[in-house]
Amino acid sequence: MRVMTYKPKPIETSHVELPKSVRALTEKLAEQVHELWSTQKLADGWVWGPRRDDRRRRHPDLVPYAKLTEEEKEYDRVTALGTIKTILALGYRITKARRRSRS
């Protein structure tokens, strides 16, 4: 039997400082991460269940983001924060588009 020796090598982001304007984006992106995960689970035939059951495709986190425990929300926040920091570490900038005034 062959043993996997995979060692993840994520892009280094510890040096990235998030501007305040971008920090606020983290929670919205975390919610989006959950929504995308939920959409895929539902498309794959999963439904809500009180306990995770891979065989029966049941998962307790198939609920709106607001109903997740703080622990589960934190998992999504870590993913969101890592994504934002990676974008910045790769040299991209994140700016909010200015709303155009109606003439």
# chains A, B, ... in the order shown; residues from 1 in each chain; ligands from 1

$ residues_around --residues "A:Thr86" --least-positions-apart "2" --cutoff "8 Å" --atoms "only C-alpha atoms" --output "list of chain:residue names"
A:Ile11, A:Glu12, A:Thr13, A:Gly82, A:Thr83, A:Ile84, A:Leu88, A:Ala89, A:Leu90

$ residues_around --residues "A:Gly45" --least-positions-apart "3" --cutoff "7 Å" --atoms "only C-alpha atoms" --output "list in words"
Lys41, Leu42 and Arg57 of chain A

$ closest_residue --among "A:Arg51, A:His59, A:Lys73, A:Lys7" --to "A:Glu31" --atoms "only C-alpha atoms"
A:Lys73

$ residues_around --residues "A:Lys85" --least-positions-apart "3" --cutoff "12 Å" --atoms "only C-alpha atoms" --output "MDAnalysis selection string"
chainID A and resid 10:19 22:23 25:26 77:82 88:94

$ residues_around --residues "A:Arg56" --least-positions-apart "2" --cutoff "10 Å" --atoms "only C-alpha atoms" --output "PyMOL selection string"
chain A and resi 45-47+49+52-54+58-59

$ write_last_selection --atoms "C-alpha atoms" --output "PDB file, in the first residue's frame"
ATOM      1  CA  GLY A  45     -28.611  15.420  -3.387  1.00  0.00           C
ATOM      2  CA  TRP A  46     -27.756  16.271   0.224  1.00  0.00           C
ATOM      3  CA  VAL A  47     -30.440  17.421   2.655  1.00  0.00           C
ATOM      4  CA  GLY A  49     -30.118  16.209   8.964  1.00  0.00           C
ATOM      5  CA  ARG A  52     -23.756  14.200   9.272  1.00  0.00           C
ATOM      6  CA  ASP A  53     -24.446  10.968   7.440  1.00  0.00           C
ATOM      7  CA  ASP A  54     -22.448  10.552   4.242  1.00  0.00           C
ATOM      8  CA  ARG A  58     -27.521  14.364   5.483  1.00  0.00           C
ATOM      9  CA  HIS A  59     -25.682  17.374   6.920  1.00  0.00           C
TER      10      HIS A  59
END

$ select_by_dssp --residues "stretch 5-86 of chain A" --states "strand (DSSP E)" --output "ChimeraX atom specification"
/A:47-48,58-59

$ select_by_dssp --residues "stretch 7-37 of chain A" --states "helix (DSSP H, G or I)" --output "PyMOL selection string"
chain A and resi 20-23+25-37

$ write_last_selection --atoms "C-alpha atoms" --output "compact mmCIF listing (two decimals), in the first residue's frame"
# COMPACT_ATOMS: atom_id res chain seq x y z
CA LYS A 20 -10.02 48.36 7.03
CA SER A 21 -12.07 48.78 3.88
CA VAL A 22 -11.29 45.19 2.89
CA ARG A 23 -11.67 43.68 6.39
CA LEU A 25 -15.57 42.20 3.13
CA THR A 26 -14.50 39.10 5.08
CA GLU A 27 -17.88 38.39 6.70
CA LYS A 28 -19.79 38.86 3.44
CA LEU A 29 -17.36 36.57 1.64
CA ALA A 30 -17.63 33.98 4.46
CA GLU A 31 -21.39 33.98 3.98
CA GLN A 32 -20.90 33.53 0.24
CA VAL A 33 -18.53 30.60 0.85
CA HIS A 34 -21.26 28.92 2.88
CA GLU A 35 -23.92 29.67 0.27
CA LEU A 36 -21.80 28.19 -2.51
CA TRP A 37 -20.99 25.10 -0.41

$ residues_around --residues "A:Asp61" --least-positions-apart "6" --cutoff "9 Å" --atoms "only C-alpha atoms" --output "JSON, numbers by chain"
{"A": [38, 48, 49, 50, 52, 67, 68, 69, 72]}

$ atom_distance --atom1 "atom CA of A:Pro64" --atom2 "atom CA of A:Lys96"
25.8 Å
